[in-house]
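Okay, data_17.pdb is below, PDB, N, CA and C atoms:
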```pdb
MODEL        1
ATOM      1  N   MET Y  15      -4.688 -22.186   3.190  1.00  0.00           N
ATOM      2  CA  MET Y  15      -6.028 -21.670   3.341  1.00  0.00           C
ATOM      3  C   MET Y  15      -6.688 -21.654   1.963  1.00  0.00           C
ATOM      4  N   ASN Y  16      -7.848 -22.271   1.860  1.00  0.00           N
ATOM      5  CA  ASN Y  16      -8.542 -22.252   0.579  1.00  0.00           C
ATOM      6  C   ASN Y  16      -9.376 -20.978   0.456  1.00  0.00           C
ATOM      7  N   SER Y  17      -9.967 -20.763  -0.719  1.00  0.00           N
ATOM      8  CA  SER Y  17     -10.670 -19.501  -0.971  1.00  0.00           C
ATOM      9  C   SER Y  17     -11.877 -19.318  -0.064  1.00  0.00           C
ATOM     10  N   CYS Y  18     -12.602 -20.379   0.259  1.00  0.00           N
ATOM     11  CA  CYS Y  18     -13.758 -20.255   1.158  1.00  0.00           C
ATOM     12  C   CYS Y  18     -13.316 -19.869   2.568  1.00  0.00           C
ATOM     13  N   GLU Y  19     -12.231 -20.447   3.030  1.00  0.00           N
ATOM     14  CA  GLU Y  19     -11.698 -20.091   4.347  1.00  0.00           C
ATOM     15  C   GLU Y  19     -11.240 -18.634   4.369  1.00  0.00           C
ATOM     16  N   LEU Y  20     -10.639 -18.198   3.286  1.00  0.00           N
ATOM     17  CA  LEU Y  20     -10.176 -16.813   3.202  1.00  0.00           C
ATOM     18  C   LEU Y  20     -11.359 -15.846   3.273  1.00  0.00           C
ATOM     19  N   VAL Y  21     -12.433 -16.145   2.543  1.00  0.00           N
ATOM     20  CA  VAL Y  21     -13.626 -15.303   2.575  1.00  0.00           C
ATOM     21  C   VAL Y  21     -14.207 -15.254   3.986  1.00  0.00           C
ATOM     22  N   ALA Y  22     -14.286 -16.398   4.648  1.00  0.00           N
ATOM     23  CA  ALA Y  22     -14.817 -16.448   6.010  1.00  0.00           C
ATOM     24  C   ALA Y  22     -13.917 -15.647   6.964  1.00  0.00           C
ATOM     25  N   TYR Y  23     -12.622 -15.751   6.800  1.00  0.00           N
ATOM     26  CA  TYR Y  23     -11.677 -15.022   7.647  1.00  0.00           C
ATOM     27  C   TYR Y  23     -11.839 -13.514   7.466  1.00  0.00           C
ATOM     28  N   VAL Y  24     -11.898 -13.062   6.214  1.00  0.00           N
ATOM     29  CA  VAL Y  24     -12.018 -11.632   5.942  1.00  0.00           C
ATOM     30  C   VAL Y  24     -13.351 -11.105   6.471  1.00  0.00           C
ATOM     31  N   SER Y  25     -14.421 -11.858   6.292  1.00  0.00           N
ATOM     32  CA  SER Y  25     -15.734 -11.439   6.797  1.00  0.00           C
ATOM     33  C   SER Y  25     -15.727 -11.340   8.321  1.00  0.00           C
ATOM     34  N   SER Y  26     -15.121 -12.302   8.978  1.00  0.00           N
ATOM     35  CA  SER Y  26     -15.023 -12.273  10.442  1.00  0.00           C
ATOM     36  C   SER Y  26     -14.209 -11.081  10.912  1.00  0.00           C
ATOM     37  N   LEU Y  27     -13.129 -10.807  10.219  1.00  0.00           N
ATOM     38  CA  LEU Y  27     -12.293  -9.661  10.559  1.00  0.00           C
ATOM     39  C   LEU Y  27     -13.072  -8.361  10.406  1.00  0.00           C
ATOM     40  N   ALA Y  28     -13.837  -8.240   9.334  1.00  0.00           N
ATOM     41  CA  ALA Y  28     -14.651  -7.039   9.119  1.00  0.00           C
ATOM     42  C   ALA Y  28     -15.670  -6.871  10.246  1.00  0.00           C
ATOM     43  N   CYS Y  29     -16.294  -7.953  10.657  1.00  0.00           N
ATOM     44  CA  CYS Y  29     -17.269  -7.880  11.751  1.00  0.00           C
ATOM     45  C   CYS Y  29     -16.600  -7.448  13.051  1.00  0.00           C
ATOM     46  N   MET Y  30     -15.427  -7.980  13.337  1.00  0.00           N
ATOM     47  CA  MET Y  30     -14.707  -7.608  14.554  1.00  0.00           C
ATOM     48  C   MET Y  30     -14.316  -6.133  14.527  1.00  0.00           C
ATOM     49  N   ILE Y  31     -13.833  -5.664  13.383  1.00  0.00           N
ATOM     50  CA  ILE Y  31     -13.441  -4.258  13.257  1.00  0.00           C
ATOM     51  C   ILE Y  31     -14.655  -3.360  13.444  1.00  0.00           C
ATOM     52  N   SER Y  32     -15.791  -3.751  12.870  1.00  0.00           N
ATOM     53  CA  SER Y  32     -16.989  -2.911  12.965  1.00  0.00           C
ATOM     54  C   SER Y  32     -17.522  -2.808  14.396  1.00  0.00           C
ATOM     55  N   LYS Y  33     -17.267  -3.816  15.206  1.00  0.00           N
ATOM     56  CA  LYS Y  33     -17.745  -3.804  16.588  1.00  0.00           C
ATOM     57  C   LYS Y  33     -16.951  -2.851  17.473  1.00  0.00           C
ATOM     58  N   CYS Y  34     -15.700  -2.591  17.123  1.00  0.00           N
ATOM     59  CA  CYS Y  34     -14.872  -1.765  18.009  1.00  0.00           C
ATOM     60  C   CYS Y  34     -14.381  -0.481  17.348  1.00  0.00           C
ATOM     61  N   SER Y  35     -14.985  -0.101  16.221  1.00  0.00           N
ATOM     62  CA  SER Y  35     -14.560   1.107  15.512  1.00  0.00           C
ATOM     63  C   SER Y  35     -15.758   2.002  15.244  1.00  0.00           C
ATOM     64  N   SER Y  36     -15.489   3.288  15.188  1.00  0.00           N
ATOM     65  CA  SER Y  36     -16.540   4.235  14.823  1.00  0.00           C
ATOM     66  C   SER Y  36     -16.739   4.203  13.306  1.00  0.00           C
ATOM     67  N   ARG Y  37     -17.812   4.798  12.861  1.00  0.00           N
ATOM     68  CA  ARG Y  37     -18.080   4.872  11.418  1.00  0.00           C
ATOM     69  C   ARG Y  37     -16.929   5.579  10.705  1.00  0.00           C
ATOM     70  N   GLU Y  38     -16.463   6.686  11.293  1.00  0.00           N
ATOM     71  CA  GLU Y  38     -15.366   7.440  10.686  1.00  0.00           C
ATOM     72  C   GLU Y  38     -14.093   6.589  10.592  1.00  0.00           C
ATOM     73  N   GLU Y  39     -13.779   5.864  11.648  1.00  0.00           N
ATOM     74  CA  GLU Y  39     -12.594   4.995  11.626  1.00  0.00           C
ATOM     75  C   GLU Y  39     -12.719   3.921  10.557  1.00  0.00           C
ATOM     76  N   MET Y  40     -13.911   3.351  10.423  1.00  0.00           N
ATOM     77  CA  MET Y  40     -14.113   2.324   9.398  1.00  0.00           C
ATOM     78  C   MET Y  40     -13.999   2.908   7.999  1.00  0.00           C
ATOM     79  N   GLU Y  41     -14.490   4.135   7.804  1.00  0.00           N
ATOM     80  CA  GLU Y  41     -14.364   4.769   6.499  1.00  0.00           C
ATOM     81  C   GLU Y  41     -12.900   5.003   6.133  1.00  0.00           C
ATOM     82  N   VAL Y  42     -12.126   5.482   7.093  1.00  0.00           N
ATOM     83  CA  VAL Y  42     -10.705   5.735   6.840  1.00  0.00           C
ATOM     84  C   VAL Y  42      -9.973   4.417   6.581  1.00  0.00           C
ATOM     85  N   LEU Y  43     -10.217   3.424   7.415  1.00  0.00           N
ATOM     86  CA  LEU Y  43      -9.559   2.125   7.231  1.00  0.00           C
ATOM     87  C   LEU Y  43      -9.929   1.518   5.881  1.00  0.00           C
ATOM     88  N   SER Y  44     -11.191   1.621   5.514  1.00  0.00           N
ATOM     89  CA  SER Y  44     -11.633   1.105   4.222  1.00  0.00           C
ATOM     90  C   SER Y  44     -10.897   1.801   3.082  1.00  0.00           C
ATOM     91  N   ALA Y  45     -10.792   3.123   3.147  1.00  0.00           N
ATOM     92  CA  ALA Y  45     -10.095   3.881   2.109  1.00  0.00           C
ATOM     93  C   ALA Y  45      -8.620   3.497   2.040  1.00  0.00           C
ATOM     94  N   VAL Y  46      -7.998   3.319   3.198  1.00  0.00           N
ATOM     95  CA  VAL Y  46      -6.585   2.933   3.239  1.00  0.00           C
ATOM     96  C   VAL Y  46      -6.387   1.559   2.613  1.00  0.00           C
ATOM     97  N   LEU Y  47      -7.256   0.616   2.953  1.00  0.00           N
ATOM     98  CA  LEU Y  47      -7.114  -0.738   2.416  1.00  0.00           C
ATOM     99  C   LEU Y  47      -7.401  -0.793   0.920  1.00  0.00           C
ATOM    100  N   ILE Y  48      -8.351   0.025   0.457  1.00  0.00           N
ATOM    101  CA  ILE Y  48      -8.598   0.114  -0.984  1.00  0.00           C
ATOM    102  C   ILE Y  48      -7.358   0.643  -1.681  1.00  0.00           C
ATOM    103  N   GLN Y  49      -6.773   1.710  -1.142  1.00  0.00           N
ATOM    104  CA  GLN Y  49      -5.556   2.290  -1.718  1.00  0.00           C
ATOM    105  C   GLN Y  49      -4.430   1.265  -1.736  1.00  0.00           C
ATOM    106  N   LEU Y  50      -4.275   0.533  -0.645  1.00  0.00           N
ATOM    107  CA  LEU Y  50      -3.242  -0.503  -0.575  1.00  0.00           C
ATOM    108  C   LEU Y  50      -3.457  -1.550  -1.659  1.00  0.00           C
ATOM    109  N   GLY Y  51      -4.682  -2.016  -1.798  1.00  0.00           N
ATOM    110  CA  GLY Y  51      -4.985  -3.024  -2.817  1.00  0.00           C
ATOM    111  C   GLY Y  51      -4.724  -2.516  -4.226  1.00  0.00           C
ATOM    112  N   GLU Y  52      -5.142  -1.296  -4.506  1.00  0.00           N
ATOM    113  CA  GLU Y  52      -4.926  -0.713  -5.826  1.00  0.00           C
ATOM    114  C   GLU Y  52      -3.438  -0.528  -6.110  1.00  0.00           C
ATOM    115  N   THR Y  53      -2.692  -0.090  -5.108  1.00  0.00           N
ATOM    116  CA  THR Y  53      -1.258   0.118  -5.284  1.00  0.00           C
ATOM    117  C   THR Y  53      -0.535  -1.201  -5.531  1.00  0.00           C
ATOM    118  N   LEU Y  54      -0.885  -2.227  -4.769  1.00  0.00           N
ATOM    119  CA  LEU Y  54      -0.283  -3.548  -4.991  1.00  0.00           C
ATOM    120  C   LEU Y  54      -0.620  -4.074  -6.380  1.00  0.00           C
ATOM    121  N   HIS Y  55      -1.854  -3.874  -6.815  1.00  0.00           N
ATOM    122  CA  HIS Y  55      -2.263  -4.326  -8.146  1.00  0.00           C
ATOM    123  C   HIS Y  55      -1.472  -3.590  -9.220  1.00  0.00           C
ATOM    124  N   LEU Y  56      -1.320  -2.274  -9.075  1.00  0.00           N
ATOM    125  CA  LEU Y  56      -0.542  -1.499 -10.030  1.00  0.00           C
ATOM    126  C   LEU Y  56       0.900  -1.989 -10.102  1.00  0.00           C
ATOM    127  N   MET Y  57       1.480  -2.287  -8.957  1.00  0.00           N
ATOM    128  CA  MET Y  57       2.861  -2.773  -8.932  1.00  0.00           C
ATOM    129  C   MET Y  57       2.984  -4.104  -9.658  1.00  0.00           C
ATOM    130  N   LEU Y  58       2.021  -5.001  -9.456  1.00  0.00           N
ATOM    131  CA  LEU Y  58       2.049  -6.295 -10.125  1.00  0.00           C
ATOM    132  C   LEU Y  58       1.874  -6.156 -11.630  1.00  0.00           C
ATOM    133  N   VAL Y  59       0.955  -5.289 -12.052  1.00  0.00           N
ATOM    134  CA  VAL Y  59       0.731  -5.064 -13.479  1.00  0.00           C
ATOM    135  C   VAL Y  59       1.969  -4.461 -14.117  1.00  0.00           C
ATOM    136  N   HIS Y  60       2.576  -3.500 -13.443  1.00  0.00           N
ATOM    137  CA  HIS Y  60       3.787  -2.871 -13.976  1.00  0.00           C
ATOM    138  C   HIS Y  60       4.923  -3.884 -14.084  1.00  0.00           C
ATOM    139  N   GLU Y  61       5.087  -4.695 -13.058  1.00  0.00           N
ATOM    140  CA  GLU Y  61       6.135  -5.717 -13.068  1.00  0.00           C
ATOM    141  C   GLU Y  61       5.911  -6.712 -14.201  1.00  0.00           C
ATOM    142  N   GLU Y  62       4.658  -7.105 -14.411  1.00  0.00           N
ATOM    143  CA  GLU Y  62       4.336  -8.032 -15.497  1.00  0.00           C
ATOM    144  C   GLU Y  62       4.663  -7.412 -16.845  1.00  0.00           C
ATOM    145  N   GLY Y  63       4.369  -6.123 -17.007  1.00  0.00           N
ATOM    146  CA  GLY Y  63       4.696  -5.433 -18.252  1.00  0.00           C
ATOM    147  C   GLY Y  63       6.193  -5.389 -18.485  1.00  0.00           C
ATOM    148  N   CYS Y  64       6.960  -5.171 -17.436  1.00  0.00           N
ATOM    149  CA  CYS Y  64       8.429  -5.173 -17.560  1.00  0.00           C
ATOM    150  C   CYS Y  64       8.923  -6.544 -17.971  1.00  0.00           C
ATOM    151  N   THR Y  65       8.343  -7.575 -17.377  1.00  0.00           N
ATOM    152  CA  THR Y  65       8.753  -8.939 -17.677  1.00  0.00           C
ATOM    153  C   THR Y  65       8.437  -9.288 -19.130  1.00  0.00           C
ATOM    154  N   ARG Y  66       7.262  -8.900 -19.603  1.00  0.00           N
ATOM    155  CA  ARG Y  66       6.867  -9.194 -20.996  1.00  0.00           C
ATOM    156  C   ARG Y  66       7.786  -8.515 -21.986  1.00  0.00           C
ATOM    157  N   ARG Y  67       8.226  -7.294 -21.657  1.00  0.00           N
ATOM    158  CA  ARG Y  67       9.111  -6.562 -22.562  1.00  0.00           C
ATOM    159  C   ARG Y  67      10.565  -6.995 -22.413  1.00  0.00           C
ATOM    160  N   LYS Y  68      10.837  -7.790 -21.379  1.00  0.00           N
ATOM    161  CA  LYS Y  68      12.194  -8.285 -21.105  1.00  0.00           C
ATOM    162  C   LYS Y  68      13.197  -7.146 -21.008  1.00  0.00           C
ATOM    163  N   CYS Y  69      12.822  -6.122 -20.263  1.00  0.00           N
ATOM    164  CA  CYS Y  69      13.695  -4.965 -20.075  1.00  0.00           C
ATOM    165  C   CYS Y  69      14.834  -5.322 -19.123  1.00  0.00           C
ATOM    166  N   PRO Y  70      16.028  -4.855 -19.417  1.00  0.00           N
ATOM    167  CA  PRO Y  70      17.154  -5.108 -18.506  1.00  0.00           C
ATOM    168  C   PRO Y  70      17.020  -4.269 -17.243  1.00  0.00           C
ATOM    169  N   GLY Y  71      17.634  -4.735 -16.186  1.00  0.00           N
ATOM    170  CA  GLY Y  71      17.640  -3.986 -14.935  1.00  0.00           C
ATOM    171  C   GLY Y  71      16.302  -4.042 -14.234  1.00  0.00           C
ATOM    172  N   GLU Y  72      16.189  -3.277 -13.182  1.00  0.00           N
ATOM    173  CA  GLU Y  72      14.944  -3.225 -12.433  1.00  0.00           C
ATOM    174  C   GLU Y  72      13.938  -2.363 -13.168  1.00  0.00           C
ATOM    175  N   CYS Y  73      12.672  -2.609 -12.910  1.00  0.00           N
ATOM    176  CA  CYS Y  73      11.615  -1.871 -13.604  1.00  0.00           C
ATOM    177  C   CYS Y  73      11.727  -0.377 -13.385  1.00  0.00           C
ATOM    178  N   GLY Y  74      12.171   0.032 -12.235  1.00  0.00           N
ATOM    179  CA  GLY Y  74      12.309   1.452 -11.957  1.00  0.00           C
ATOM    180  C   GLY Y  74      13.466   2.098 -12.694  1.00  0.00           C
ATOM    181  N   GLU Y  75      14.347   1.304 -13.282  1.00  0.00           N
ATOM    182  CA  GLU Y  75      15.538   1.803 -13.945  1.00  0.00           C
ATOM    183  C   GLU Y  75      15.580   1.348 -15.389  1.00  0.00           C
ATOM    184  N   MET Y  76      14.431   1.388 -16.071  1.00  0.00           N
ATOM    185  CA  MET Y  76      14.367   0.909 -17.445  1.00  0.00           C
ATOM    186  C   MET Y  76      14.925   1.937 -18.421  1.00  0.00           C
ATOM    187  N   PRO Y  77      15.523   1.466 -19.497  1.00  0.00           N
ATOM    188  CA  PRO Y  77      15.934   2.387 -20.564  1.00  0.00           C
ATOM    189  C   PRO Y  77      14.695   2.998 -21.231  1.00  0.00           C
ATOM    190  N   GLU Y  78      14.868   4.083 -21.951  1.00  0.00           N
ATOM    191  CA  GLU Y  78      13.735   4.789 -22.567  1.00  0.00           C
ATOM    192  C   GLU Y  78      12.906   3.885 -23.494  1.00  0.00           C
ATOM    193  N   GLU Y  79      13.511   2.959 -24.222  1.00  0.00           N
ATOM    194  CA  GLU Y  79      12.757   2.139 -25.166  1.00  0.00           C
ATOM    195  C   GLU Y  79      11.806   1.178 -24.474  1.00  0.00           C
ATOM    196  N   CYS Y  80      11.948   0.987 -23.174  1.00  0.00           N
ATOM    197  CA  CYS Y  80      11.046   0.115 -22.440  1.00  0.00           C
ATOM    198  C   CYS Y  80       9.899   0.933 -21.912  1.00  0.00           C
TER
ENDMDL
END
```
Just give me the structure of the file as structure tokens.
Amino acid sequence: MNSCELVAYVSSLACMISKCSSREEMEVLSAVLIQLGETLHLMLVHEEGCTRRKCPGECGEMPEEC
């Protein structure tokens, strides 16, 4: 899927959700998806930082110097 197809897919999905959801449901779903996106981004940034520092073990089990 190229980027234009992805944009069209996401827009279509948003339109479908808006047709069968209340305003409150859309607000909650929007907040949940924002949180999900932010959390995934944080995980990727943290993982990249671990990789750059070449810390041994998993990122969650780094020695203090990392």
Suppose you want the space between atom N of Ala28 (chain Y) and CA of Val59 (chain Y); what is it in Å? 27.3 Å
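For the pair atom N of Leu20 (chain Y) and atom C of Ser35 (chain Y), the separation is 24.0 Å.
Put simply, atom N of Ser26 (chain Y) is 18.4 Å away from atom N of Glu39 (chain Y).
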Would you mind writing down, as a PyMOL selection string, each residue of chain Y that DSSP on the backbone assigns to helix (DSSP H, G or I)? chain Y and resi 17-34+37-67+73-75
How big is the axis-aligned box around all listed atoms of region 51-67 of chain Y once 4 Å goes on each side, and where's its centre, in Å to one decimal, as JSON?
```
{"center_x": 2.7, "center_y": -4.6, "center_z": -12.2, "size_x": 23.7, "size_y": 17.4, "size_z": 28.8}
```
